[in-house]
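Raw contents of upload-v4.txt, compact mmCIF, N, CA and C atoms:
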```
# COMPACT_ATOMS: atom_id res chain seq x y z
N MET A 250 -9.29 249.11 89.36
CA MET A 250 -10.11 249.70 88.32
C MET A 250 -10.60 251.06 88.82
N ILE A 251 -10.41 252.09 88.04
CA ILE A 251 -10.79 253.45 88.40
C ILE A 251 -12.14 253.75 87.78
N GLN A 252 -13.13 254.10 88.60
CA GLN A 252 -14.48 254.37 88.12
C GLN A 252 -14.55 255.61 87.24
N ALA A 253 -13.72 256.62 87.49
CA ALA A 253 -13.80 257.87 86.74
C ALA A 253 -13.45 257.69 85.28
N MET A 254 -12.67 256.67 84.94
CA MET A 254 -12.23 256.47 83.57
C MET A 254 -13.23 255.63 82.76
N GLN A 255 -14.21 255.05 83.43
CA GLN A 255 -15.16 254.21 82.72
C GLN A 255 -16.29 255.04 82.15
N ILE A 256 -16.84 254.53 81.07
CA ILE A 256 -18.01 255.14 80.46
C ILE A 256 -19.23 254.69 81.28
N PRO A 257 -20.21 255.56 81.51
CA PRO A 257 -21.38 255.16 82.30
C PRO A 257 -22.09 253.95 81.69
N PRO A 258 -22.58 253.04 82.51
CA PRO A 258 -23.25 251.85 81.99
C PRO A 258 -24.59 252.17 81.32
N ASN A 259 -24.94 251.32 80.36
CA ASN A 259 -26.26 251.43 79.73
C ASN A 259 -27.33 251.06 80.74
N ASP A 260 -28.51 251.61 80.57
CA ASP A 260 -29.64 251.19 81.38
C ASP A 260 -30.20 249.92 80.75
N ARG A 261 -29.98 248.80 81.43
CA ARG A 261 -30.47 247.50 80.94
C ARG A 261 -31.24 246.84 82.06
N TYR A 262 -32.33 246.22 81.69
CA TYR A 262 -33.18 245.56 82.67
C TYR A 262 -33.40 244.12 82.24
N GLY A 263 -33.66 243.27 83.20
CA GLY A 263 -33.95 241.88 82.90
C GLY A 263 -32.70 241.03 82.91
N VAL A 264 -32.88 239.80 82.50
CA VAL A 264 -31.81 238.80 82.47
C VAL A 264 -31.61 238.35 81.03
N ASP A 265 -30.38 238.50 80.55
CA ASP A 265 -30.06 238.02 79.21
C ASP A 265 -29.71 236.54 79.28
N ILE A 266 -30.22 235.76 78.33
CA ILE A 266 -29.92 234.33 78.26
C ILE A 266 -29.37 234.06 76.88
N THR A 267 -28.18 233.43 76.82
CA THR A 267 -27.54 233.15 75.54
C THR A 267 -26.80 231.82 75.58
N PRO A 268 -26.75 231.10 74.46
CA PRO A 268 -25.95 229.88 74.41
C PRO A 268 -24.45 230.17 74.21
N LEU A 269 -24.12 231.44 73.98
CA LEU A 269 -22.72 231.82 73.79
C LEU A 269 -21.96 231.80 75.11
N SER A 270 -20.64 231.83 75.05
CA SER A 270 -19.82 231.85 76.26
C SER A 270 -19.55 233.28 76.71
N TYR A 271 -20.10 234.26 76.01
CA TYR A 271 -19.95 235.67 76.36
C TYR A 271 -21.25 236.39 76.05
N ILE A 272 -21.36 237.63 76.54
CA ILE A 272 -22.53 238.45 76.26
C ILE A 272 -22.10 239.55 75.28
N PRO A 273 -22.64 239.57 74.06
CA PRO A 273 -22.26 240.61 73.12
C PRO A 273 -22.57 242.01 73.67
N GLY A 274 -21.57 242.89 73.63
CA GLY A 274 -21.75 244.24 74.12
C GLY A 274 -21.57 244.38 75.62
N GLY A 275 -21.13 243.34 76.29
CA GLY A 275 -20.97 243.39 77.74
C GLY A 275 -19.68 242.73 78.18
N LYS A 276 -19.30 242.99 79.41
CA LYS A 276 -18.10 242.40 80.00
C LYS A 276 -18.51 241.61 81.23
N ILE A 277 -18.15 240.33 81.27
CA ILE A 277 -18.47 239.49 82.42
C ILE A 277 -17.58 239.90 83.58
N GLU A 278 -18.21 240.40 84.63
CA GLU A 278 -17.49 240.87 85.81
C GLU A 278 -17.31 239.76 86.84
N LYS A 279 -18.31 238.88 86.94
CA LYS A 279 -18.28 237.88 87.99
C LYS A 279 -19.02 236.62 87.56
N TYR A 280 -18.40 235.46 87.83
CA TYR A 280 -19.04 234.17 87.60
C TYR A 280 -19.70 233.75 88.91
N LEU A 281 -21.00 233.44 88.87
CA LEU A 281 -21.75 233.16 90.09
C LEU A 281 -22.16 231.70 90.25
N GLY A 282 -21.83 230.86 89.30
CA GLY A 282 -22.13 229.44 89.44
C GLY A 282 -22.89 228.88 88.25
N ASN A 283 -23.15 227.59 88.34
CA ASN A 283 -23.83 226.85 87.29
C ASN A 283 -25.20 226.43 87.78
N LEU A 284 -26.20 226.53 86.91
CA LEU A 284 -27.55 226.05 87.23
C LEU A 284 -27.90 224.90 86.29
N ASN A 285 -28.54 223.89 86.85
CA ASN A 285 -28.97 222.74 86.07
C ASN A 285 -30.34 222.33 86.59
N PHE A 286 -31.35 222.40 85.72
CA PHE A 286 -32.73 222.11 86.11
C PHE A 286 -33.31 220.97 85.29
N PHE A 287 -34.25 220.29 85.90
CA PHE A 287 -35.06 219.30 85.19
C PHE A 287 -36.51 219.61 85.52
N PHE A 288 -37.31 219.91 84.51
CA PHE A 288 -38.70 220.31 84.69
C PHE A 288 -39.65 219.27 84.13
N ILE A 289 -40.78 219.11 84.80
CA ILE A 289 -41.85 218.23 84.33
C ILE A 289 -43.16 219.01 84.43
N ARG A 290 -43.95 218.93 83.36
CA ARG A 290 -45.27 219.57 83.41
C ARG A 290 -46.30 218.61 82.82
N GLU A 291 -47.42 218.51 83.50
CA GLU A 291 -48.52 217.67 83.03
C GLU A 291 -49.78 218.51 82.95
N SER A 292 -50.65 218.14 82.03
CA SER A 292 -51.92 218.85 81.90
C SER A 292 -53.01 217.88 81.46
N THR A 293 -54.19 218.11 81.98
CA THR A 293 -55.37 217.36 81.53
C THR A 293 -56.34 218.29 80.82
N ALA A 294 -55.82 219.44 80.39
CA ALA A 294 -56.64 220.42 79.67
C ALA A 294 -55.84 220.97 78.49
N VAL A 295 -55.32 220.09 77.65
CA VAL A 295 -54.48 220.51 76.53
C VAL A 295 -55.27 221.32 75.51
N LYS A 296 -56.46 220.90 75.18
CA LYS A 296 -57.26 221.60 74.17
C LYS A 296 -57.63 223.02 74.63
N GLU A 297 -57.90 223.17 75.93
CA GLU A 297 -58.28 224.47 76.47
C GLU A 297 -57.10 225.45 76.50
N ASN A 298 -55.89 224.94 76.44
CA ASN A 298 -54.68 225.79 76.50
C ASN A 298 -54.05 226.00 75.13
N GLY A 299 -54.82 225.87 74.07
CA GLY A 299 -54.30 226.12 72.73
C GLY A 299 -53.75 224.90 72.02
N GLY A 300 -54.09 223.73 72.46
CA GLY A 300 -53.60 222.51 71.84
C GLY A 300 -52.21 222.17 72.33
N ILE A 301 -51.61 221.19 71.67
CA ILE A 301 -50.31 220.71 72.12
C ILE A 301 -49.22 221.77 71.92
N SER A 302 -49.34 222.58 70.88
CA SER A 302 -48.33 223.63 70.66
C SER A 302 -48.43 224.72 71.72
N GLY A 303 -49.64 225.09 72.13
CA GLY A 303 -49.82 226.06 73.20
C GLY A 303 -49.32 225.52 74.53
N PHE A 304 -49.53 224.24 74.76
CA PHE A 304 -49.05 223.59 75.97
C PHE A 304 -47.52 223.64 76.05
N VAL A 305 -46.85 223.29 74.98
CA VAL A 305 -45.38 223.30 74.95
C VAL A 305 -44.86 224.74 75.04
N HIS A 306 -45.50 225.66 74.32
CA HIS A 306 -45.06 227.06 74.35
C HIS A 306 -45.15 227.64 75.76
N SER A 307 -46.27 227.43 76.43
CA SER A 307 -46.40 227.96 77.79
C SER A 307 -45.42 227.29 78.74
N PHE A 308 -45.12 226.02 78.53
CA PHE A 308 -44.15 225.32 79.37
C PHE A 308 -42.76 225.92 79.21
N ILE A 309 -42.35 226.16 77.98
CA ILE A 309 -41.01 226.72 77.73
C ILE A 309 -40.91 228.14 78.28
N THR A 310 -41.95 228.96 78.13
CA THR A 310 -41.89 230.31 78.69
C THR A 310 -41.84 230.29 80.22
N GLU A 311 -42.52 229.35 80.84
CA GLU A 311 -42.45 229.22 82.29
C GLU A 311 -41.07 228.75 82.74
N VAL A 312 -40.46 227.85 81.99
CA VAL A 312 -39.09 227.40 82.30
C VAL A 312 -38.13 228.58 82.24
N LEU A 313 -38.23 229.39 81.20
CA LEU A 313 -37.35 230.55 81.08
C LEU A 313 -37.59 231.55 82.20
N SER A 314 -38.83 231.70 82.65
CA SER A 314 -39.13 232.59 83.77
C SER A 314 -38.50 232.09 85.06
N VAL A 315 -38.57 230.80 85.30
CA VAL A 315 -37.97 230.22 86.51
C VAL A 315 -36.45 230.39 86.47
N ILE A 316 -35.86 230.17 85.31
CA ILE A 316 -34.41 230.34 85.18
C ILE A 316 -34.01 231.79 85.43
N ARG A 317 -34.75 232.73 84.85
CA ARG A 317 -34.45 234.16 85.08
C ARG A 317 -34.58 234.52 86.56
N ALA A 318 -35.57 233.96 87.24
CA ALA A 318 -35.75 234.23 88.67
C ALA A 318 -34.57 233.69 89.48
N HIS A 319 -34.07 232.52 89.15
CA HIS A 319 -32.92 231.96 89.86
C HIS A 319 -31.65 232.76 89.59
N VAL A 320 -31.47 233.21 88.36
CA VAL A 320 -30.31 234.04 88.03
C VAL A 320 -30.34 235.32 88.85
N THR A 321 -31.49 235.95 88.93
CA THR A 321 -31.64 237.17 89.72
C THR A 321 -31.40 236.91 91.20
N ALA A 322 -31.91 235.79 91.70
CA ALA A 322 -31.73 235.45 93.12
C ALA A 322 -30.27 235.24 93.48
N LEU A 323 -29.47 234.78 92.54
CA LEU A 323 -28.04 234.59 92.78
C LEU A 323 -27.23 235.87 92.63
N GLY A 324 -27.89 236.95 92.21
CA GLY A 324 -27.21 238.23 92.03
C GLY A 324 -26.68 238.45 90.63
N GLY A 325 -27.10 237.64 89.69
CA GLY A 325 -26.65 237.78 88.31
C GLY A 325 -27.63 238.55 87.46
N ASN A 326 -27.17 238.90 86.26
CA ASN A 326 -28.06 239.56 85.30
C ASN A 326 -27.98 238.91 83.92
N ALA A 327 -27.33 237.75 83.84
CA ALA A 327 -27.22 237.05 82.56
C ALA A 327 -26.91 235.57 82.79
N MET A 328 -27.25 234.76 81.80
CA MET A 328 -26.87 233.36 81.80
C MET A 328 -26.17 233.06 80.48
N THR A 329 -24.96 232.54 80.57
CA THR A 329 -24.20 232.15 79.38
C THR A 329 -24.18 230.63 79.29
N ALA A 330 -23.76 230.12 78.16
CA ALA A 330 -23.68 228.68 77.91
C ALA A 330 -25.02 228.00 78.19
N PHE A 331 -26.10 228.68 77.84
CA PHE A 331 -27.45 228.15 78.08
C PHE A 331 -27.70 226.95 77.19
N TYR A 332 -28.31 225.93 77.78
CA TYR A 332 -28.71 224.75 77.00
C TYR A 332 -30.10 224.32 77.42
N MET A 333 -30.80 223.73 76.47
CA MET A 333 -32.13 223.18 76.70
C MET A 333 -32.14 221.83 75.97
N THR A 334 -32.11 220.75 76.74
CA THR A 334 -32.02 219.41 76.15
C THR A 334 -33.09 218.51 76.74
N GLU A 335 -33.11 217.30 76.25
CA GLU A 335 -34.00 216.27 76.79
C GLU A 335 -35.46 216.68 76.76
N LEU A 336 -35.88 217.38 75.72
CA LEU A 336 -37.30 217.74 75.62
C LEU A 336 -38.08 216.50 75.17
N ILE A 337 -38.89 215.99 76.07
CA ILE A 337 -39.70 214.80 75.78
C ILE A 337 -41.15 215.20 75.90
N LEU A 338 -41.91 214.94 74.86
CA LEU A 338 -43.33 215.29 74.83
C LEU A 338 -44.15 214.02 74.67
N VAL A 339 -45.05 213.80 75.60
CA VAL A 339 -45.96 212.66 75.56
C VAL A 339 -47.36 213.22 75.61
N ASP A 340 -48.18 212.85 74.62
CA ASP A 340 -49.55 213.37 74.63
C ASP A 340 -50.54 212.27 74.26
N ASN A 341 -51.73 212.44 74.76
CA ASN A 341 -52.85 211.58 74.45
C ASN A 341 -54.04 212.50 74.20
N LEU A 342 -54.20 212.92 72.96
CA LEU A 342 -55.22 213.90 72.64
C LEU A 342 -56.64 213.36 72.83
N HIS A 343 -56.82 212.04 72.78
CA HIS A 343 -58.15 211.48 73.01
C HIS A 343 -58.60 211.70 74.45
N LYS A 344 -57.63 211.75 75.38
CA LYS A 344 -57.95 211.99 76.79
C LYS A 344 -57.64 213.44 77.19
N ASN A 345 -57.24 214.27 76.21
CA ASN A 345 -56.95 215.69 76.46
C ASN A 345 -55.80 215.86 77.46
N GLN A 346 -54.81 214.98 77.37
CA GLN A 346 -53.69 214.98 78.31
C GLN A 346 -52.37 215.24 77.59
N GLY A 347 -51.42 215.81 78.33
CA GLY A 347 -50.08 216.01 77.80
C GLY A 347 -49.06 216.07 78.93
N GLN A 348 -47.88 215.57 78.65
CA GLN A 348 -46.76 215.64 79.59
C GLN A 348 -45.54 216.12 78.82
N CYS A 349 -44.76 216.96 79.47
CA CYS A 349 -43.54 217.48 78.84
C CYS A 349 -42.43 217.46 79.88
N LEU A 350 -41.26 216.94 79.50
CA LEU A 350 -40.10 216.88 80.37
C LEU A 350 -38.95 217.60 79.68
N MET A 351 -38.17 218.36 80.44
CA MET A 351 -37.10 219.14 79.83
C MET A 351 -35.96 219.35 80.82
N SER A 352 -34.74 219.34 80.29
CA SER A 352 -33.55 219.68 81.07
C SER A 352 -33.00 220.98 80.52
N ALA A 353 -32.64 221.92 81.41
CA ALA A 353 -32.12 223.21 80.99
C ALA A 353 -31.13 223.71 82.03
N GLY A 354 -30.22 224.58 81.60
CA GLY A 354 -29.25 225.15 82.53
C GLY A 354 -28.24 226.03 81.84
N GLY A 355 -27.21 226.43 82.59
CA GLY A 355 -26.17 227.29 82.06
C GLY A 355 -25.38 227.93 83.20
N ASP A 356 -24.54 228.88 82.86
CA ASP A 356 -23.68 229.58 83.82
C ASP A 356 -24.25 230.94 84.17
N VAL A 357 -24.37 231.22 85.45
CA VAL A 357 -24.88 232.51 85.93
C VAL A 357 -23.72 233.48 86.06
N VAL A 358 -23.87 234.66 85.48
CA VAL A 358 -22.81 235.67 85.51
C VAL A 358 -23.41 237.05 85.78
N PHE A 359 -22.54 237.95 86.24
CA PHE A 359 -22.90 239.36 86.35
C PHE A 359 -22.15 240.09 85.26
N VAL A 360 -22.87 240.83 84.43
CA VAL A 360 -22.31 241.49 83.27
C VAL A 360 -22.47 243.00 83.39
N SER A 361 -21.42 243.73 83.01
CA SER A 361 -21.49 245.18 82.92
C SER A 361 -21.61 245.57 81.44
N TYR A 362 -22.52 246.49 81.17
CA TYR A 362 -22.73 246.97 79.81
C TYR A 362 -22.29 248.42 79.72
N TYR A 363 -21.62 248.77 78.66
CA TYR A 363 -21.15 250.14 78.50
C TYR A 363 -21.58 250.67 77.15
N LYS A 364 -21.83 251.97 77.12
CA LYS A 364 -22.27 252.63 75.90
C LYS A 364 -21.13 252.70 74.90
N ASP A 365 -21.51 252.60 73.61
CA ASP A 365 -20.55 252.78 72.53
C ASP A 365 -20.57 254.23 72.11
N ASP A 366 -19.57 254.99 72.46
CA ASP A 366 -19.53 256.41 72.07
C ASP A 366 -18.59 256.63 70.91
```

Please rewrite the model in this file as structure tokens.
Amino acid sequence: MIQAMQIPPNDRYGVDITPLSYIPGGKIEKYLGNLNFFFIRESTAVKENGGISGFVHSFITEVLSVIRAHVTALGGNAMTAFYMTELILVDNLHKNQGQCLMSAGGDVVFVSYYKDD
């Protein structure tokens, strides 16, 4: 591959996560492996964290942050074939408690992005 013939890459930051097998607007340069996680979160302060919906929302955003950190640590900038399954929510609002279990994962890849001229 000759670098002089390529169009300069777009400035992109962060980690893209998609359930697709490809990244729209990008070319997968390298496959870096598969990640499979199982997360558990418990809280005894559900009401203070925005109720059960706030508890689940913060849990999912933390899961995505952990996944992005692992993708970056492996040298990737995207995750394809992303899945999030086995979401189990157990709550006892009378005791202000909640538990959430989730399985998530996908394929870590390095993607090159090029400008459309």

Task: alpha helix (DSSP H) residues, from DSSP on the backbone, in chain A, as a PyMOL selection string - done: chain A and resi 300-322

Task: Met328 of chain A environment, 8 Å, only N, CA and C atoms, sequence neighbours closer than 2 positions dropped, as a count of residues only - done: 23

- [ ] Choose the residue, out of A:Cys349, A:Ile277, A:Leu284, A:Ala322, that has the smallest atom-to-atom separation from Val305 of chain A; count all atoms listed in the file.
- [x]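 Closest to Val305 of chain A, using all atoms listed in the file: A:Cys349.
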
Task: Which residue of A:Tyr280, A:Gly274, A:Thr293, A:Met351 approaches Met333 of chain A most closely, using all atoms listed in the file - done: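 So, comparing all the options, the nearest one is A:Met351.
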
TODO: Using all atoms listed in the file, pick whichever of A:Thr321, A:Gln348, A:Thr310, A:Thr334 has the shortest atom-to-atom distance to Ser292 of chain A.
DONE: A:Gln348

TODO: Could you please determine the separation between atom CA of His319 of chain A and atom CA of Ser302 of chain A in Å, to one decimal place?
DONE: 26.0 Å

Open item on the list: Just to confirm, what's the straight-line distance from atom N of Ala294 of chain A to atom C of His343 of chain A in Å (one decimal)?
Closed with: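 Calculated distance between atom N of Ala294 of chain A and atom C of His343 of chain A is 10.1 Å.
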
Open item on the list: Could you tell me how far atom C of Leu281 of chain A sits from atom CA of Val312 of chain A, in Å to one decimal place?
Closed with: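 Distance reported for this atom pair: 19.2 Å.
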